[in-house]
$ cat model18.txt   # compact mmCIF, C-alpha atoms and all ligand atoms
# COMPACT_ATOMS: atom_id res chain seq x y z
CA MET A 818 82.06 89.62 110.35
CA SER A 819 81.84 91.79 107.26
CA GLY A 820 80.45 95.30 106.97
CA THR A 821 81.52 98.73 105.92
CA ILE A 822 84.45 100.57 107.42
CA ARG A 823 83.17 103.27 109.77
CA LYS A 824 86.11 103.83 112.11
CA ALA A 825 89.75 104.75 111.60
CA VAL A 826 92.35 104.29 114.33
CA PHE A 827 95.33 106.65 114.45
CA PRO A 828 98.05 105.26 116.73
CA ALA A 829 99.86 108.35 117.97
CA ALA A 830 101.35 107.29 121.29
CA GLY A 831 104.88 106.60 120.07
CA LEU A 832 107.74 108.67 121.43
CA GLY A 833 108.99 109.94 118.08
CA THR A 834 112.62 109.48 119.06
CA ARG A 835 113.83 109.87 115.48
CA PHE A 836 112.66 113.46 115.60
CA LEU A 837 114.23 114.55 118.87
CA PRO A 838 114.66 117.23 120.09
CA ALA A 839 111.57 118.54 118.23
CA THR A 840 109.45 115.82 119.84
CA LYS A 841 110.62 116.40 123.39
CA ALA A 842 107.60 118.55 124.26
CA GLN A 843 105.60 118.35 121.04
CA PRO A 844 104.03 115.28 119.44
CA LYS A 845 105.54 114.37 116.09
CA GLU A 846 101.99 114.13 114.70
CA MET A 847 101.80 117.92 115.13
CA LEU A 848 104.90 118.72 113.06
CA VAL A 849 103.74 120.97 110.29
CA LEU A 850 103.83 120.26 106.56
CA VAL A 851 103.39 123.72 105.02
CA ASP A 852 100.50 124.82 107.27
CA LYS A 853 98.84 121.61 108.43
CA PRO A 854 100.01 119.19 111.10
CA VAL A 855 100.99 115.81 109.69
CA ILE A 856 98.10 114.00 111.40
CA GLN A 857 95.55 116.25 109.70
CA TYR A 858 96.56 114.89 106.30
CA GLY A 859 95.64 111.40 107.49
CA VAL A 860 92.38 112.51 109.10
CA GLU A 861 91.35 114.29 105.88
CA GLU A 862 92.17 111.14 103.94
CA ALA A 863 89.88 109.13 106.23
CA VAL A 864 87.04 111.64 105.84
CA GLN A 865 87.47 111.75 102.06
CA SER A 866 87.32 107.96 102.10
CA GLY A 867 83.94 108.04 103.84
CA VAL A 868 85.27 107.27 107.35
CA PRO A 869 84.38 110.15 109.71
CA ASN A 870 84.81 108.32 113.05
CA ILE A 871 88.35 108.88 114.21
CA ILE A 872 89.95 107.12 117.17
CA ILE A 873 93.29 108.56 118.21
CA VAL A 874 95.55 106.55 120.50
CA THR A 875 97.47 109.02 122.60
CA GLY A 876 99.82 109.08 125.53
CA ARG A 877 101.61 111.55 127.73
CA GLY A 878 102.54 114.84 126.07
CA LYS A 879 100.00 114.52 123.26
CA ASN A 880 97.48 117.15 124.38
CA ALA A 881 98.18 119.36 121.38
CA ILE A 882 96.53 116.72 119.17
CA GLU A 883 93.33 116.90 121.23
CA ASP A 884 93.35 120.70 121.14
CA HIS A 885 93.87 120.68 117.37
CA PHE A 886 90.78 118.57 116.73
CA ASP A 887 88.65 120.45 119.27
CA VAL A 888 86.47 123.45 118.46
CA ALA A 889 88.42 126.65 119.21
CA VAL A 890 85.56 128.89 120.34
CA GLU A 891 87.63 132.01 121.08
CA LEU A 892 89.59 131.73 117.85
CA GLU A 893 86.42 131.25 115.81
CA SER A 894 84.68 134.29 117.30
CA TYR A 895 87.86 136.36 116.84
CA LEU A 896 88.01 135.46 113.14
CA GLU A 897 84.26 135.98 112.77
CA GLN A 898 84.33 139.46 114.31
CA ARG A 899 87.11 140.51 111.98
CA GLY A 900 85.39 139.10 108.91
CA LYS A 901 88.20 136.64 108.21
CA THR A 902 85.80 134.17 106.60
CA ALA A 903 88.28 132.16 104.57
CA LEU A 904 90.39 131.40 107.64
CA LEU A 905 87.28 130.70 109.69
CA GLU A 906 86.10 128.17 107.15
CA GLU A 907 89.54 126.57 107.10
CA ILE A 908 89.44 126.21 110.89
CA ARG A 909 85.89 124.84 110.93
CA LYS A 910 86.76 122.30 108.23
CA ILE A 911 89.10 120.60 110.71
CA THR A 912 86.44 119.71 113.25
CA ALA A 913 83.07 119.85 111.48
CA PRO A 914 83.18 116.59 109.48
CA ILE A 915 84.62 114.31 112.16
CA ASN A 916 83.77 112.55 115.41
CA VAL A 917 86.92 112.05 117.42
CA ALA A 918 87.45 109.73 120.37
CA TYR A 919 90.69 109.35 122.29
CA VAL A 920 92.08 106.39 124.10
CA ARG A 921 95.24 106.45 126.15
CA GLN A 922 97.92 103.85 125.78
CA GLY A 923 99.40 104.01 129.28
CA GLU A 924 102.83 102.94 128.09
CA PRO A 925 104.12 102.82 124.53
CA LEU A 926 104.24 99.04 124.31
CA GLY A 927 104.25 98.84 120.54
CA LEU A 928 101.96 99.34 117.57
CA GLY A 929 100.14 96.06 118.20
CA HIS A 930 99.41 97.16 121.74
CA ALA A 931 98.23 100.57 120.51
CA VAL A 932 95.68 98.80 118.28
CA LEU A 933 94.68 96.49 121.13
CA VAL A 934 93.70 99.39 123.42
CA THR A 935 91.03 100.46 120.91
CA ARG A 936 89.20 97.14 121.27
CA ASN A 937 86.24 98.47 123.28
CA LEU A 938 85.79 101.44 120.98
CA ILE A 939 85.85 99.30 117.84
CA GLY A 940 83.65 96.43 118.97
CA ASP A 941 82.78 93.74 116.47
CA GLU A 942 83.34 95.43 113.14
CA PRO A 943 86.11 95.88 110.58
CA PHE A 944 88.13 99.08 110.91
CA ALA A 945 91.00 101.02 109.40
CA VAL A 946 94.36 101.84 110.94
CA ILE A 947 96.24 104.86 109.63
CA LEU A 948 99.81 105.60 110.62
CA GLY A 949 99.87 109.36 110.27
CA ASP A 950 103.62 109.38 109.53
CA ASP A 951 102.90 107.97 106.10
CA VAL A 952 101.36 110.84 104.19
CA ILE A 953 100.00 109.61 100.88
CA ASP A 954 99.03 111.86 97.99
CA ALA A 955 96.57 109.81 95.97
CA ASN A 956 93.38 110.13 94.01
CA PRO A 957 91.20 108.35 95.01
CA PRO A 958 92.57 108.60 98.55
CA ALA A 959 94.70 105.64 99.66
CA LEU A 960 92.20 104.49 102.27
CA LYS A 961 89.35 104.61 99.74
CA GLN A 962 91.36 102.39 97.40
CA MET A 963 91.81 99.91 100.25
CA ILE A 964 88.17 99.96 101.27
CA ASP A 965 87.23 99.09 97.69
CA VAL A 966 89.56 96.08 97.86
CA TYR A 967 88.24 95.09 101.29
CA GLU A 968 84.68 95.10 100.00
CA ARG A 969 85.73 92.65 97.31
CA VAL A 970 87.93 90.26 99.32
CA GLN A 971 86.13 90.55 102.71
CA GLY A 972 89.30 90.06 104.73
CA PRO A 973 92.14 92.09 106.23
CA VAL A 974 93.96 94.25 103.68
CA LEU A 975 97.42 95.68 104.31
CA ALA A 976 98.82 98.47 102.18
CA VAL A 977 102.15 97.70 100.57
CA GLU A 978 104.63 99.49 98.37
CA ARG A 979 107.53 98.09 96.35
CA VAL A 980 110.75 99.37 97.92
CA ALA A 981 114.39 99.27 96.79
CA PRO A 982 116.22 96.07 97.84
CA GLU A 983 118.50 98.04 100.17
CA ASP A 984 115.44 99.32 102.08
CA VAL A 985 113.70 96.01 102.88
CA ALA A 986 115.43 95.84 106.28
CA SER A 987 113.40 98.86 107.45
CA TYR A 988 109.98 97.31 106.83
CA GLY A 989 107.68 94.38 107.39
CA ILE A 990 107.97 92.43 104.12
CA VAL A 991 105.35 90.08 102.71
CA ALA A 992 105.71 86.79 100.90
CA ILE A 993 102.79 86.43 98.52
CA ASP A 994 100.89 83.52 97.10
CA GLU A 995 100.44 84.06 93.36
CA ARG A 996 98.12 81.12 92.72
CA GLU A 997 94.93 83.15 93.02
CA ASP A 998 94.21 85.97 90.58
CA LEU A 999 92.73 88.68 92.76
CA GLY A 1000 92.94 91.49 90.23
CA PRO A 1001 95.54 94.17 89.72
CA ARG A 1002 97.72 95.12 92.69
CA VAL A 1003 96.00 92.69 95.10
CA HIS A 1004 97.79 89.61 96.45
CA ARG A 1005 97.16 86.99 99.08
CA VAL A 1006 99.73 86.89 101.87
CA LYS A 1007 101.71 83.71 102.42
CA ASP A 1008 103.94 85.03 105.19
CA LEU A 1009 105.14 88.22 106.86
CA VAL A 1010 108.72 88.89 107.88
CA GLU A 1011 109.66 91.84 110.08
CA LYS A 1012 112.71 93.77 108.86
CA PRO A 1013 114.49 90.96 106.98
CA ARG A 1014 118.07 91.18 105.75
CA ARG A 1015 118.21 91.98 102.05
CA GLU A 1016 119.26 88.41 101.17
CA ASP A 1017 116.45 86.87 103.25
CA ALA A 1018 113.61 89.08 102.00
CA PRO A 1019 110.89 87.05 100.26
CA SER A 1020 109.92 90.06 98.10
CA ASN A 1021 110.29 93.82 98.00
CA LEU A 1022 106.65 94.41 98.98
CA ALA A 1023 106.86 96.49 102.14
CA ILE A 1024 103.96 97.08 104.54
CA ILE A 1025 103.21 100.78 104.82
CA GLY A 1026 100.98 102.75 107.18
CA ARG A 1027 97.47 101.76 106.14
CA TYR A 1028 95.56 98.68 107.26
CA ILE A 1029 92.01 97.41 107.08
CA LEU A 1030 91.61 94.97 109.93
CA THR A 1031 88.86 92.64 111.06
CA PRO A 1032 87.92 92.38 114.77
CA ASP A 1033 89.57 88.94 115.10
CA ILE A 1034 92.90 90.83 115.12
CA PHE A 1035 92.22 91.66 118.78
CA GLU A 1036 92.31 88.03 119.88
CA ALA A 1037 95.38 87.46 117.77
CA LEU A 1038 97.08 90.44 119.46
CA GLU A 1039 96.01 89.25 122.92
CA ALA A 1040 97.66 85.94 122.19
CA THR A 1041 100.79 87.57 120.81
CA GLY A 1042 103.46 87.93 123.42
CA ARG A 1043 105.85 90.81 123.76
CA ASP A 1044 108.94 90.65 121.60
CA GLY A 1045 112.55 91.00 122.67
CA SER A 1046 112.16 94.74 123.14
CA GLY A 1047 109.06 94.32 125.31
CA GLU A 1048 106.61 95.44 122.59
CA ILE A 1049 103.58 93.81 121.02
CA GLN A 1050 104.13 94.08 117.30
CA LEU A 1051 101.20 94.38 114.93
CA THR A 1052 103.11 92.29 112.38
CA ASN A 1053 103.31 89.42 114.87
CA GLY A 1054 99.57 89.65 115.52
CA LEU A 1055 98.96 89.55 111.78
CA ARG A 1056 101.18 86.47 111.41
CA ARG A 1057 99.04 84.74 113.99
CA LEU A 1058 95.86 85.83 112.22
CA LEU A 1059 97.26 84.42 109.01
CA GLN A 1060 97.05 80.92 110.53
CA GLN A 1061 93.29 81.38 110.81
CA ARG A 1062 92.13 83.31 107.78
CA PRO A 1063 93.30 84.73 104.44
CA VAL A 1064 95.03 88.11 104.63
CA TYR A 1065 95.58 90.30 101.58
CA VAL A 1066 97.90 93.09 100.51
CA TYR A 1067 97.18 95.91 98.13
CA GLU A 1068 99.76 98.00 96.29
CA ILE A 1069 98.56 101.58 96.81
CA GLU A 1070 98.48 103.89 93.79
CA GLY A 1071 99.90 107.23 94.90
CA VAL A 1072 102.94 109.02 96.26
CA ARG A 1073 103.89 108.13 99.84
CA HIS A 1074 106.14 110.14 102.11
CA ASP A 1075 107.46 108.74 105.39
CA THR A 1076 107.44 111.89 107.49
CA GLY A 1077 108.55 110.03 110.64
CA ASN A 1078 112.21 110.57 109.79
CA LYS A 1079 113.94 113.85 109.06
CA LEU A 1080 114.83 113.29 105.40
CA GLY A 1081 111.38 111.93 104.59
CA PHE A 1082 109.80 114.90 106.32
CA LEU A 1083 111.90 117.39 104.33
CA LYS A 1084 111.00 115.69 101.06
CA ALA A 1085 107.32 115.80 101.97
CA LEU A 1086 107.54 119.46 102.86
CA VAL A 1087 109.00 120.38 99.47
CA TYR A 1088 106.56 118.07 97.66
CA PHE A 1089 103.46 119.57 99.28
CA ALA A 1090 104.69 123.17 99.06
CA LEU A 1091 105.16 122.71 95.31
CA ARG A 1092 101.54 121.57 95.05
CA ARG A 1093 100.11 124.62 96.76
CA PRO A 1094 98.70 127.11 94.25
CA ASP A 1095 99.54 130.06 96.52
CA LEU A 1096 103.16 129.00 97.12
CA ALA A 1097 104.27 126.84 94.21
CA GLU A 1098 105.61 129.55 91.92
CA PRO A 1099 107.65 131.66 94.37
CA PHE A 1100 108.86 128.53 96.15
CA ARG A 1101 110.00 126.94 92.91
CA ARG A 1102 111.86 130.13 92.03
CA TYR A 1103 113.52 130.07 95.42
CA LEU A 1104 114.55 126.42 95.06
CA GLU A 1105 115.99 127.11 91.62
CA SER A 1106 118.02 129.98 92.99
CA LEU A 1107 119.74 127.78 95.57
CA ASP A 1108 123.34 126.75 95.23
CA LEU A 1109 122.82 123.04 95.73
CA LYS A 1110 126.54 122.40 96.00
CA ILE A 1111 126.64 123.95 99.45
CA GLY A 1112 126.94 121.18 101.98
CA VAL A 1113 128.72 119.84 104.98
CA GLU A 1114 132.30 118.81 104.27
CA THR A 1115 132.64 115.06 104.71
P1 LIG B 1201 107.02 104.33 115.04
O1 LIG B 1201 108.01 103.41 115.64
O2 LIG B 1201 107.20 104.76 113.65
O3 LIG B 1201 106.86 105.66 115.89
O4 LIG B 1201 105.57 103.72 115.27
P2 LIG B 1201 107.56 106.21 117.16
O5 LIG B 1201 107.83 105.14 118.15
O6 LIG B 1201 106.71 107.34 117.61
O7 LIG B 1201 108.86 106.89 116.54
P3 LIG B 1201 110.41 106.61 116.69
O8 LIG B 1201 110.66 105.30 116.00
O9 LIG B 1201 110.72 106.58 118.16
O10 LIG B 1201 111.01 107.79 116.00
C1 LIG B 1201 104.58 103.71 114.27
C2 LIG B 1201 103.29 104.34 114.74
O11 LIG B 1201 102.78 103.66 115.87
C3 LIG B 1201 102.55 104.54 116.94
C4 LIG B 1201 103.44 105.76 116.68
O12 LIG B 1201 102.87 106.90 117.28
C5 LIG B 1201 103.44 105.80 115.16
O13 LIG B 1201 102.31 106.49 114.67
N1 LIG B 1201 102.88 103.84 118.19
C6 LIG B 1201 104.03 103.17 118.30
C7 LIG B 1201 101.97 103.88 119.23
O14 LIG B 1201 100.89 104.50 119.14
N2 LIG B 1201 102.28 103.21 120.38
C8 LIG B 1201 103.45 102.54 120.52
O15 LIG B 1201 103.66 101.95 121.60
C9 LIG B 1201 104.35 102.52 119.45
$ encode --input "model18.txt" --output "C-alpha cells"
Amino acid sequence: MSGTIRKAVFPAAGLGTRFLPATKAQPKEMLVLVDKPVIQYGVEEAVQSGVPNIIIVTGRGKNAIEDHFDVAVELESYLEQRGKTALLEEIRKITAPINVAYVRQGEPLGLGHAVLVTRNLIGDEPFAVILGDDVIDANPPALKQMIDVYERVQGPVLAVERVAPEDVASYGIVAIDEREDLGPRVHRVKDLVEKPRREDAPSNLAIIGRYILTPDIFEALEATGRDGSGEIQLTNGLRRLLQQRPVYVYEIEGVRHDTGNKLGFLKALVYFALRRPDLAEPFRRYLESLDLKIGVET
C-alpha cells in the first residue's frame, strides 16, 4: 500500500553497552549533546520532516525518555511565574508539536524485533524508522529527503552513506543494481550483507539509521528467524522482503554522527557546540588554546 509517512518509530530498547558505565542507570538516548538529549535531535528531525506521530520502543530503565517527552507541569509553572519565557518556550517546543506513543520490547531481541513490536501501532501504512544514535545535520532534514524519494519510488527506502573501506565491517552493506536510472543518489538494492569483511564487501554503501518501510516488512520479520546471537535482525528481514519487492537506497546529503560510540559522541558534541551561536566563539577559543599533544602514553 502507498500513502504518506505519518509515523516514525524510534527503537530505543537496546542496552547501550558501548557506553557503559554511563548507560547503567540512564538510557543512552538521554545522553546530552550540548543541552539536548540525543533522541530529541531525531524527534525534531521527524517533526521538521512533517512526521509528528512518534512511536518509541522502550524497555526497562528507559523511563527518563518518557518523562522528557511528557509535559512538565510544575517546571512550566515555575518558569512562568518567574517570567523565564525563553526557557518556557524551549520546554514547550519539546512536547507541543508531537504525539508520542510507547511500546515496550520485553527483551532486547534485536532491531528487527524492536520494529516488529510496533506492528499494531503502525497498521497498514508505510512508516519511518529513526535510529536516534545517528544524528544527522542536514537541510532539508534527512528524513524529509527520504520521504521525497519514497514518494517517487513507492517502495522501502534505506538511508546509506559511503564509508571508508576499513569501516565496512561495522555496517550492513548493500550491493546495488545499476541498470535502472533512478535519479541522483538513489539506487535499487540487489543484495544486503551484514558486516562483511573488507574483501567481501560488494560496495562501500553502508546502511545508516534511517529507513522508510512498508507494512509488508512485518510479515518478513515474522518469518525471519533469530540469528546466532538470538536476535531478529532488521537486515535479515529486509533481505527476505527483497525477494518479494524492489527495495531502494538513498545516499543522504548531510553530516552524520554516530553518537552510539564514545568517539562518535565526542565528535558530535564538538560539532554541535561549534554551531551554537551562543557558544561557538568562546568554545572555539577554548579549543584553540588546548595543547593537543597531551595524551596517554602508548
Ligand atoms: P545498537 O546495537 O546500536 O544499540 O542498536 P544498543 O544495543 O543499545 O547498543 P550497544 O551496541 O550495546 O552499545 C541500534 C538501535 O536499535 C535499538 C537500540 O536502542 C538502538 O537505537 N535496539 C536494539 C532496540 O530497540 N532493541 C534491541 O533489541 C536492539
$ atom_distance --input "model18.txt" --atom1 "CA of Gly878 (chain A)" --atom2 "CA of Asp852 (chain A)"
21.4 Å
$ residues_near_ligand --input "model18.txt" --ligand "ligand LIG 1201 (chain B)" --cutoff "6 Å" --atoms "all atoms listed in the file" --output "PyMOL selection string"
chain A and resi 828-836+874+925-928+931+948-949
$ residues_around --input "model18.txt" --residues "Asp950 (chain A)" --least-positions-apart "5" --cutoff "6 Å" --atoms "all atoms listed in the file" --output "JSON, numbers by chain"
{"A": [1075, 1076, 1077]}
$ closest_atom_pairs --input "model18.txt" --of "region 852-969 of chain A" --to "region 998-1017 of chain A" --cutoff "10 Å" --atoms "only C-alpha atoms" --output "JSON lines"
{"residue": "A:Met963", "atom": "CA", "partner": "A:Val1003", "partner_atom": "CA", "distance": 9.8}
{"residue": "A:Val966", "atom": "CA", "partner": "A:Val1003", "partner_atom": "CA", "distance": 7.8}
{"residue": "A:Arg969", "atom": "CA", "partner": "A:Leu999", "partner_atom": "CA", "distance": 9.2}
$ closest_residue --input "model18.txt" --among "A:Ile1034, A:Pro943, A:Ala1040, A:Tyr1065" --to "Glu995 (chain A)" --atoms "all atoms listed in the file"
A:Tyr1065
$ residues_around --input "model18.txt" --residues "Ala825 (chain A)" --least-positions-apart "3" --cutoff "6 Å" --atoms "all atoms listed in the file" --output "PyMOL selection string"
chain A and resi 871+944-946
$ residues_around --input "model18.txt" --residues "Asn1021 (chain A)" --least-positions-apart "6" --cutoff "10 Å" --atoms "all atoms listed in the file" --output "PyMOL selection string"
chain A and resi 977-986+988-992+1015
$ residues_near_point --input "model18.txt" --point "(81.3, 97.7, 111.6)" --cutoff "12 Å" --atoms "all atoms listed in the file" --output "list in words"
Met818, Ser819, Gly820, Thr821, Ile822, Arg823, Lys824, Ala825, Val868, Asn870, Leu938, Ile939, Gly940, Asp941, Glu942, Pro943, Phe944, Ala945, Ile1029, Leu1030, Thr1031 and Pro1032 of chain A
$ closest_residue --input "model18.txt" --among "A:Gln962, A:Thr912, A:Ser1020, A:Gln922" --to "Asp884 (chain A)" --atoms "only C-alpha atoms"
A:Thr912
$ residues_around --input "model18.txt" --residues "Ala889 (chain A)" --least-positions-apart "2" --cutoff "12 Å" --atoms "only C-alpha atoms" --output "PyMOL selection string"
chain A and resi 883-887+891-896+905+908-913
$ closest_residue --input "model18.txt" --among "A:Arg1092, A:Arg1027, A:Lys1079, A:Arg1101" --to "Val1066 (chain A)" --atoms "only C-alpha atoms"
A:Arg1027
$ closest_residue --input "model18.txt" --among "A:His1074, A:Arg921, A:Arg899, A:Lys879" --to "Leu933 (chain A)" --atoms "only C-alpha atoms"
A:Arg921
$ residues_near_point --input "model18.txt" --point "(84.0, 108.0, 99.4)" --cutoff "10 Å" --atoms "only C-alpha atoms" --output "JSON, numbers by chain"
{"A": [862, 863, 864, 865, 866, 867, 868, 957, 958, 960, 961, 962, 964, 965]}
